[in-house]
Amino acid sequence: MTTFTRDADALELRHHHEVMRVEPWGPDSVRVRAANGPLPQSDVGALEARPAGGAATVTAEDGGGRLVNGDLTVEITMPQSEGKPTPLVRFSRSSSGEELLAEEREHFWWPGARVYYGNRSGAGEIHQQFKAYPGERLYGMGQRTHGRLDHKGLGLDLVQRNAEVSIPFVLSSRGYGFLWNNPAVGRVEFADNVTRWTASQARAIDYFVTTGSPAQILSRYADATGHAPRLPEWASGFWQSKLRYRSQEELLEVAREHKRRGLPLAVIVSDFFHWTAMGDYKLDPAEYPDPEGMMRELEELGVRLMVSIWPTISPLSENYPALRDEGMLVGVDQGAEFHGTIRDKGMDVPMPIAFYDPTNPRTREFVWSIVKRNYHDLGVRVWWLDASEPELNPGHPANLTFHAGPGAEVACIYPRDNARLYAEGMAAAAGGSPEDAETVLLCRSAWAGQQKYGAAVWSGDIPATWDSLRRQIRAGLSIAIAGIPWWTTDIGGFHGGDARDPGFRELVVRWFQYGAFCPLFRLHGNREPRTPTGWDMTGGPNEVWAFGEEAYGIIKGVMLMRERLRPYLHAQLDRASAEGLPAMRPLFVDFADDERAWAVEDEFMFGPEVLVAPVAEAGARAREVYLPDGAQWTHAWSGASHAGGTTITQDAPLDEIPVYLRNGAEVPLTA
């Protein structure tokens with residue numbers, strides 16, 4: 001017998017062994033959970049607390065149930081036309097009755113729209129199937145390398161990898177947002193005949209649905225998963241990095257040269273292998289003989305030091321025995337607790353390394369105590385959380401065991417809990433105040449809700465190519481829709497690029513022009529000549545003056561323009577913190593009524609008043625630009641005015657990126 005019942009403001013269904021619960025989760029939003037048995041009590045997903053707001057009415061009767069929360073209506077029915085009736089869920093707008101999203105069975109007889117393949121442990125493979133809609137566009141899903149903004153027609157792995165950041169939130173052109181609140185390894189198919197979410201091993205179906213305009217959807221999603229803090233003023237400045245500065249003096253000399261040339265510099269980076277051993281979490285005194293003096297000089301220059309921290313532990317580290325013996329390493333179902341190799345200090349050849357387990361509160365406390373003593377107490381406040389997917393080799397997360405659960409069930413939350421480790425530590429060191437901590441974490445991976453820990457994401461170890469630059473434009477907009485408002489790339493790409501090559505110099509100039517309109521503005525890369533990975537590597541020159549006089553002159557102008565833009569950017573990022581609206585966003589967020597705006601993938605809004613159209617083709621000195629309907633647009637450099645709803649061909653000499661101001665807005669792009 002199938003029963004529908006009301007439980008306060010929630011709707012519950014029981015059908016054979018299945019239990020489903022639908023409850024309001026903030027205004028115009030619901031959370032849906034279902035399991036082939038009692039709903040699990042443990043919760044490691046992103047929906048930690050029910051947001052304020054929303055007022056649901058619930059109707060339960062024989063054969064169906066209905067929940068209405070603002071403009072979102074959820075109906076569960078038992079269609080009798082199928083061979084073996086099962087409950088189906090439909091989401092619609094309360095105001096119009098328009099269908100937003102609806103379940104669809106995998107087969108008319110068996111199975112239904114929700115499928116559980118148990119393995120006797122209480123977990124198993126799970127499917128959740130919905131209808132596919134012709135013409136629907138789907139955005140978000142974290143950061144992807146496939147080079148598209150619209151994910152319709154694609155199949156995506158739900159797993160963390162270098163440059164592939166899996167955040168399973170999607171915004172639909174049909175007017176809904178959907179979060180698959182499940183950190184299991186899995187897959188989603190946005191096919192022409194079906195939308196299907198799959199977890200390879202999970203204990204329940206758990207998802208969030210909301211409706212509204214794109215801006216409202218992003219706001220509701222932030223309410224549900226957490227809001228980013230305010231970006232500290234210093235963090236919007238220029239960040240300088242190369243593969244590896246090998247000494248204190250080398251690093252300081254770069255900072256001094258910025259000062260001598262009158263170039264802005266907010267952050268300089270000590271990348272990997274600055275340590276005595278991987279997992280010691282301290283500067284090598286052979287390379288940094290006077291760290292206190294270094295920190296004093298950087299402070300006088302107005303520059304902050306960022307240190308690279310990997311979650312990897314060498315067996316030669318002084319901290320390895322405690323982490324191993326007290327169960328703070330990531331475990332395995334089979335084999336030894338090592339998940340990769342590297343040639344660290346003290347190693348003649350690459351040797352195995354382990355990973356700490358940040359899902360364990362004891363690990364977070366232990367690791368932070370070391371980081372605080374060796375870095376924070378020295379004055380370091382900026383953290384580069386590299387390889388935080390974690391970067392497994394081979395990449396088999398299902399073989400892992402975490403404090404939070406089996407790897408197949410929870411592996412995707414690793415980067416989120418790694419960020420949590422440093423955010424909690426920084427807050428504690430600031431007297432318990434996250435606001436006073438000014439936490440900024442540069443992370444290579446992320447999951448839903450990570451923004452609330454002060455996480456910025458960069459796009460990983462990408463190639464130094466024009467194709468890669470084009471893909472970054474889509475990747476940055478996708479992760480913004482997925483809830484991460486602080487984002488950046490390695491300007492120039494990471495893998496390769498010769499500072500002496502005229503072709504690469506052109507690419508660097510165009511990448512700088514694009515990077516100046518990213519939330520964080522940062523140069524990094526492993527330039528030619530490159531050497532095999534190991535503690536003694538350094539990479540070729542990667543300072544702004546290394547790319548020749550013509551490129552340097554243009555880049556300096558871009559850096560000074562970025563300085564002028566910083567107050568405007570902070571106003572937009574404050575809005576991101578308060579409302580969940582990212583500063584860098586696709587055109588459709590501001591122009592949802594313009595159908596053509598939904599199809600533009602290589603332009604973006606930088607706040608509500610600036611439209612940016614990067615040049616991402618070698619040798620290009622012009623490009624087509626679509627200017628959305630509903631506004632008048634002024635070319636920032638020439639002052640030429642253009643009507644909205646038009647496509648123009650814009651000249652773009654090497655020293656100009658096409659930028660437009662909305663309705664005569666006064667934004668300080670020019671001196």
# chains A, B, ... in the order shown; residues from 1 in each chain; ligands from 1

call {"tool": "residues_around", "arguments": {"residues": "Ala423 of chain A", "least_positions_apart": "3", "cutoff": "6 Å", "atoms": "only C-alpha atoms", "output": "list in words"}}
result
Arg420, Met426 and Tyr453 of chain A

call {"tool": "residues_around", "arguments": {"residues": "segment 373-380 of chain A", "least_positions_apart": "3", "cutoff": "9 Å", "atoms": "only C-alpha atoms", "output": "PyMOL selection string"}}
result
chain A and resi 281-283+291-292+295+304-307+368-370+383+426+429

call {"tool": "write_last_selection", "arguments": {"atoms": "N, CA and C atoms", "output": "compact mmCIF listing (two decimals), in the first residue's frame"}}
result
# COMPACT_ATOMS: atom_id res chain seq x y z
N TYR A 281 55.47 20.75 6.81
CA TYR A 281 54.80 22.04 6.88
C TYR A 281 55.66 23.09 7.57
N LYS A 282 56.85 23.30 6.99
CA LYS A 282 57.72 24.37 7.47
C LYS A 282 58.74 24.69 6.39
N LEU A 283 59.24 25.92 6.42
CA LEU A 283 60.23 26.38 5.46
C LEU A 283 61.57 25.70 5.71
N PRO A 291 63.62 33.66 7.84
CA PRO A 291 62.21 33.88 7.48
C PRO A 291 61.60 35.10 8.16
N GLU A 292 62.02 35.40 9.39
CA GLU A 292 61.49 36.58 10.07
C GLU A 292 61.88 37.85 9.32
N MET A 295 59.82 38.12 6.12
CA MET A 295 58.45 38.57 6.36
C MET A 295 58.42 40.07 6.67
N ARG A 304 52.09 40.27 0.67
CA ARG A 304 51.84 39.09 1.51
C ARG A 304 52.47 37.86 0.88
N LEU A 305 52.90 36.95 1.74
CA LEU A 305 53.47 35.68 1.28
C LEU A 305 52.39 34.60 1.32
N MET A 306 52.23 33.90 0.20
CA MET A 306 51.38 32.72 0.18
C MET A 306 52.27 31.49 0.09
N VAL A 307 51.99 30.49 0.93
CA VAL A 307 52.75 29.25 0.88
C VAL A 307 51.86 28.12 0.35
N TRP A 368 46.45 21.68 11.58
CA TRP A 368 46.48 23.13 11.80
C TRP A 368 47.48 23.51 12.89
N SER A 369 47.61 22.71 13.91
CA SER A 369 48.55 23.04 14.98
C SER A 369 49.98 23.16 14.43
N ILE A 370 50.32 22.32 13.47
CA ILE A 370 51.66 22.37 12.86
C ILE A 370 51.76 23.58 11.94
N TRP A 383 47.02 30.85 1.97
CA TRP A 383 47.30 29.42 1.84
C TRP A 383 46.92 28.92 0.44
N MET A 426 42.16 29.34 10.92
CA MET A 426 42.32 30.79 10.84
C MET A 426 41.34 31.51 11.76
N ALA A 429 42.52 31.17 15.32
CA ALA A 429 43.68 32.02 15.58
C ALA A 429 43.30 33.50 15.67

call {"tool": "residues_around", "arguments": {"residues": "segment 118-120 of chain A", "least_positions_apart": "5", "cutoff": "10 Å", "atoms": "only C-alpha atoms", "output": "PyMOL selection string"}}
result
chain A and resi 36+125-126+201-203

call {"tool": "closest_residue", "arguments": {"among": "A:Leu72, A:Met278, A:Leu11, A:Val625", "to": "Ala60 of chain A", "atoms": "only C-alpha atoms"}}
result
A:Leu11

call {"tool": "select_by_dssp", "arguments": {"residues": "segment 296-456 of chain A", "states": "strand (DSSP E or B)", "output": "PyMOL selection string"}}
result
chain A and resi 304-309+312-313+329+331-332+340-342+351-356+382-385+400-402+405-406+441-443+455-456

call {"tool": "write_last_selection", "arguments": {"atoms": "N, CA and C atoms", "output": "compact mmCIF listing (two decimals), in the first residue's frame"}}
result
# COMPACT_ATOMS: atom_id res chain seq x y z
N ARG A 304 52.09 40.27 0.67
CA ARG A 304 51.84 39.09 1.51
C ARG A 304 52.47 37.86 0.88
N LEU A 305 52.90 36.95 1.74
CA LEU A 305 53.47 35.68 1.28
C LEU A 305 52.39 34.60 1.32
N MET A 306 52.23 33.90 0.20
CA MET A 306 51.38 32.72 0.18
C MET A 306 52.27 31.49 0.09
N VAL A 307 51.99 30.49 0.93
CA VAL A 307 52.75 29.25 0.88
C VAL A 307 51.86 28.12 0.35
N SER A 308 52.49 27.25 -0.41
CA SER A 308 51.81 26.08 -0.95
C SER A 308 51.78 24.97 0.09
N ILE A 309 50.59 24.46 0.36
CA ILE A 309 50.43 23.35 1.30
C ILE A 309 49.71 22.21 0.59
N THR A 312 49.59 15.96 1.14
CA THR A 312 50.39 14.74 0.98
C THR A 312 51.46 14.65 2.06
N ILE A 313 51.74 13.44 2.49
CA ILE A 313 52.68 13.20 3.58
C ILE A 313 53.75 12.21 3.12
N LEU A 329 45.44 9.42 8.50
CA LEU A 329 45.67 9.32 7.06
C LEU A 329 44.44 8.73 6.36
N GLY A 331 42.65 6.07 4.55
CA GLY A 331 42.88 4.63 4.55
C GLY A 331 42.53 4.01 3.21
N VAL A 332 42.74 2.71 3.12
CA VAL A 332 42.44 1.97 1.90
C VAL A 332 41.75 0.66 2.25
N GLY A 340 50.14 7.90 -4.20
CA GLY A 340 50.83 8.57 -5.27
C GLY A 340 52.33 8.47 -5.05
N THR A 341 53.09 9.10 -5.93
CA THR A 341 54.55 9.12 -5.78
C THR A 341 55.05 10.52 -6.12
N ILE A 342 56.20 10.87 -5.54
CA ILE A 342 56.85 12.13 -5.87
C ILE A 342 58.32 12.03 -5.46
N MET A 351 59.08 8.35 -4.61
CA MET A 351 58.68 7.39 -3.59
C MET A 351 57.22 7.59 -3.23
N PRO A 352 56.58 6.58 -2.62
CA PRO A 352 55.16 6.70 -2.28
C PRO A 352 54.89 7.79 -1.26
N ILE A 353 53.71 8.40 -1.37
CA ILE A 353 53.24 9.41 -0.41
C ILE A 353 51.82 9.08 0.00
N ALA A 354 51.46 9.49 1.21
CA ALA A 354 50.11 9.31 1.74
C ALA A 354 49.38 10.64 1.73
N PHE A 355 48.08 10.61 2.03
CA PHE A 355 47.27 11.82 2.16
C PHE A 355 46.66 11.85 3.55
N TYR A 356 46.64 13.05 4.16
CA TYR A 356 45.89 13.15 5.41
C TYR A 356 44.39 13.20 5.11
N VAL A 382 48.16 33.50 3.94
CA VAL A 382 47.54 33.12 2.66
C VAL A 382 48.00 31.71 2.32
N TRP A 383 47.02 30.85 1.97
CA TRP A 383 47.30 29.42 1.84
C TRP A 383 46.92 28.92 0.44
N TRP A 384 47.86 28.21 -0.15
CA TRP A 384 47.62 27.60 -1.46
C TRP A 384 47.43 26.11 -1.24
N LEU A 385 46.20 25.65 -1.37
CA LEU A 385 45.85 24.26 -1.10
C LEU A 385 45.87 23.48 -2.40
N LEU A 400 39.36 3.98 -1.27
CA LEU A 400 39.74 4.75 -0.08
C LEU A 400 38.71 4.61 1.04
N THR A 401 39.17 4.85 2.25
CA THR A 401 38.27 4.95 3.40
C THR A 401 38.59 6.25 4.13
N PHE A 402 37.52 6.97 4.47
CA PHE A 402 37.64 8.24 5.18
C PHE A 402 36.91 8.16 6.52
N GLY A 405 33.34 8.24 5.76
CA GLY A 405 32.69 7.10 5.13
C GLY A 405 33.54 6.50 4.04
N PRO A 406 33.02 5.48 3.35
CA PRO A 406 33.76 4.85 2.25
C PRO A 406 34.03 5.84 1.12
N LEU A 441 41.75 31.06 0.62
CA LEU A 441 42.37 29.76 0.34
C LEU A 441 42.34 29.52 -1.16
N LEU A 442 43.49 29.41 -1.78
CA LEU A 442 43.54 29.12 -3.21
C LEU A 442 43.54 27.60 -3.38
N CYS A 443 42.42 27.07 -3.87
CA CYS A 443 42.18 25.62 -3.91
C CYS A 443 42.16 25.13 -5.36
N ALA A 455 37.07 29.94 0.19
CA ALA A 455 37.77 29.21 -0.86
C ALA A 455 37.72 29.96 -2.19
N ALA A 456 38.88 30.22 -2.74
CA ALA A 456 39.02 30.61 -4.13
C ALA A 456 39.50 29.37 -4.88

call {"tool": "residues_around", "arguments": {"residues": "segment 157-163 of chain A", "least_positions_apart": "5", "cutoff": "8 Å", "atoms": "only C-alpha atoms", "output": "PyMOL selection string"}}
result
chain A and resi 143-145+168+184-188+387+389-391+411-412+444-445+459-462

call {"tool": "residues_around", "arguments": {"residues": "segment 657-660 of chain A", "least_positions_apart": "4", "cutoff": "10 Å", "atoms": "only C-alpha atoms", "output": "PyMOL selection string"}}
result
chain A and resi 509-510+512-514+558+603-606+609-615+621-625+627+632-642+650-653+664-665+669

call {"tool": "closest_residue", "arguments": {"among": "A:Tyr176, A:Trp447, A:Trp109, A:Tyr422", "to": "Thr73 of chain A", "atoms": "only C-alpha atoms"}}
result
A:Tyr176

call {"tool": "closest_residue", "arguments": {"among": "A:Ala222, A:Leu265, A:Leu149, A:Ala631", "to": "Asp602 of chain A", "atoms": "only C-alpha atoms"}}
result
A:Leu149

call {"tool": "residues_around", "arguments": {"residues": "Trp598 of chain A", "least_positions_apart": "6", "cutoff": "8 Å", "atoms": "only C-alpha atoms", "output": "list in words"}}
result
Arg137, Ser173, Pro586, Leu587, Phe588 and Ala592 of chain A

call {"tool": "closest_atom_pairs", "arguments": {"of": "segment 517-574 of chain A", "to": "segment 223-240 of chain A", "cutoff": "7 Å", "atoms": "only C-alpha atoms", "output": "CSV"}}
result
residue,atom,partner,partner_atom,distance
A:Pro519,CA,A:Ser236,CA,6.9
A:Leu520,CA,A:Ser236,CA,5.6
A:Phe521,CA,A:Phe238,CA,5.3
A:Arg522,CA,A:Trp239,CA,4.5
A:Leu523,CA,A:Gln240,CA,5.4
A:His524,CA,A:Gln240,CA,6.8
A:Glu563,CA,A:Gly237,CA,7.0
A:Arg566,CA,A:Ser236,CA,6.5
A:Leu573,CA,A:Leu231,CA,6.8
A:Asp574,CA,A:Arg230,CA,5.7

call {"tool": "closest_residue", "arguments": {"among": "A:Gly525, A:Pro79, A:Gly279, A:Pro85", "to": "Leu323 of chain A", "atoms": "only C-alpha atoms"}}
result
A:Gly279

call {"tool": "closest_residue", "arguments": {"among": "A:Phe504, A:Tyr552, A:Trp197, A:Phe91", "to": "Arg174 of chain A", "atoms": "only C-alpha atoms"}}
result
A:Phe91

call {"tool": "closest_residue", "arguments": {"among": "A:Glu326, A:Glu595, A:Asp536, A:Asp436", "to": "Trp275 of chain A", "atoms": "only C-alpha atoms"}}
result
A:Asp536

call {"tool": "decode", "arguments": {"residues": "segment 450-461 of chain A", "atoms": "all heavy atoms", "output": "compact mmCIF listing (two decimals), in the first residue's frame"}}
result
# COMPACT_ATOMS: atom_id res chain seq x y z
N GLN A 450 31.71 25.01 -0.47
CA GLN A 450 33.08 25.33 -0.09
C GLN A 450 33.33 26.83 -0.02
O GLN A 450 34.23 27.29 0.67
CB GLN A 450 34.06 24.67 -1.06
CG GLN A 450 35.51 24.68 -0.61
CD GLN A 450 36.35 23.67 -1.37
OE1 GLN A 450 35.90 22.58 -1.67
NE2 GLN A 450 37.57 24.03 -1.68
N GLN A 451 32.48 27.60 -0.73
CA GLN A 451 32.66 29.05 -0.73
C GLN A 451 32.60 29.65 0.67
O GLN A 451 33.24 30.66 0.95
CB GLN A 451 31.61 29.71 -1.64
CG GLN A 451 30.16 29.61 -1.18
CD GLN A 451 29.48 28.30 -1.57
OE1 GLN A 451 30.08 27.47 -2.25
NE2 GLN A 451 28.23 28.13 -1.17
N LYS A 452 31.85 29.03 1.58
CA LYS A 452 31.70 29.62 2.91
C LYS A 452 32.98 29.54 3.73
O LYS A 452 33.09 30.19 4.77
CB LYS A 452 30.55 28.97 3.66
CG LYS A 452 30.71 27.50 4.00
CD LYS A 452 29.51 27.02 4.82
CE LYS A 452 29.55 25.51 5.07
NZ LYS A 452 29.16 24.76 3.87
N TYR A 453 33.96 28.76 3.28
CA TYR A 453 35.24 28.65 3.97
C TYR A 453 36.31 29.59 3.40
O TYR A 453 37.49 29.43 3.70
CB TYR A 453 35.73 27.21 3.92
CG TYR A 453 34.84 26.25 4.66
CD1 TYR A 453 34.27 25.14 4.02
CD2 TYR A 453 34.55 26.44 6.01
CE1 TYR A 453 33.45 24.26 4.71
CE2 TYR A 453 33.71 25.57 6.70
CZ TYR A 453 33.17 24.48 6.04
OH TYR A 453 32.35 23.61 6.73
N GLY A 454 35.90 30.57 2.61
CA GLY A 454 36.88 31.49 2.03
C GLY A 454 37.69 30.86 0.91
O GLY A 454 38.85 31.22 0.70
N ALA A 455 37.07 29.94 0.19
CA ALA A 455 37.77 29.21 -0.86
C ALA A 455 37.72 29.96 -2.19
O ALA A 455 36.64 30.29 -2.69
CB ALA A 455 37.17 27.82 -1.03
N ALA A 456 38.88 30.22 -2.74
CA ALA A 456 39.02 30.61 -4.13
C ALA A 456 39.50 29.37 -4.88
O ALA A 456 40.20 28.53 -4.33
CB ALA A 456 40.03 31.74 -4.28
N VAL A 457 39.11 29.27 -6.14
CA VAL A 457 39.51 28.12 -6.95
C VAL A 457 40.25 28.63 -8.17
O VAL A 457 39.89 29.66 -8.74
CB VAL A 457 38.28 27.29 -7.38
CG1 VAL A 457 38.69 26.14 -8.28
CG2 VAL A 457 37.54 26.76 -6.15
N TRP A 458 41.32 27.92 -8.53
CA TRP A 458 41.94 28.21 -9.82
C TRP A 458 41.83 26.97 -10.70
O TRP A 458 41.53 25.88 -10.21
CB TRP A 458 43.39 28.67 -9.65
CG TRP A 458 44.46 27.65 -9.80
CD1 TRP A 458 45.23 27.40 -10.89
CD2 TRP A 458 44.92 26.74 -8.79
NE1 TRP A 458 46.13 26.40 -10.63
CE2 TRP A 458 45.95 25.97 -9.34
CE3 TRP A 458 44.54 26.47 -7.46
CZ2 TRP A 458 46.63 24.98 -8.64
CZ3 TRP A 458 45.21 25.49 -6.76
CH2 TRP A 458 46.24 24.76 -7.34
N SER A 459 42.05 27.15 -11.98
CA SER A 459 41.61 26.14 -12.95
C SER A 459 42.60 25.02 -13.18
O SER A 459 42.49 24.29 -14.16
CB SER A 459 41.26 26.80 -14.28
OG SER A 459 42.33 27.56 -14.77
N GLY A 460 43.56 24.84 -12.27
CA GLY A 460 44.40 23.66 -12.33
C GLY A 460 45.53 23.76 -13.34
O GLY A 460 45.86 24.82 -13.88
N ASP A 461 46.12 22.62 -13.60
CA ASP A 461 47.34 22.55 -14.43
C ASP A 461 46.97 22.46 -15.90
O ASP A 461 47.01 21.40 -16.54
CB ASP A 461 48.19 21.35 -14.01
CG ASP A 461 48.71 21.50 -12.60
OD1 ASP A 461 48.62 22.60 -12.03
OD2 ASP A 461 49.21 20.50 -12.05
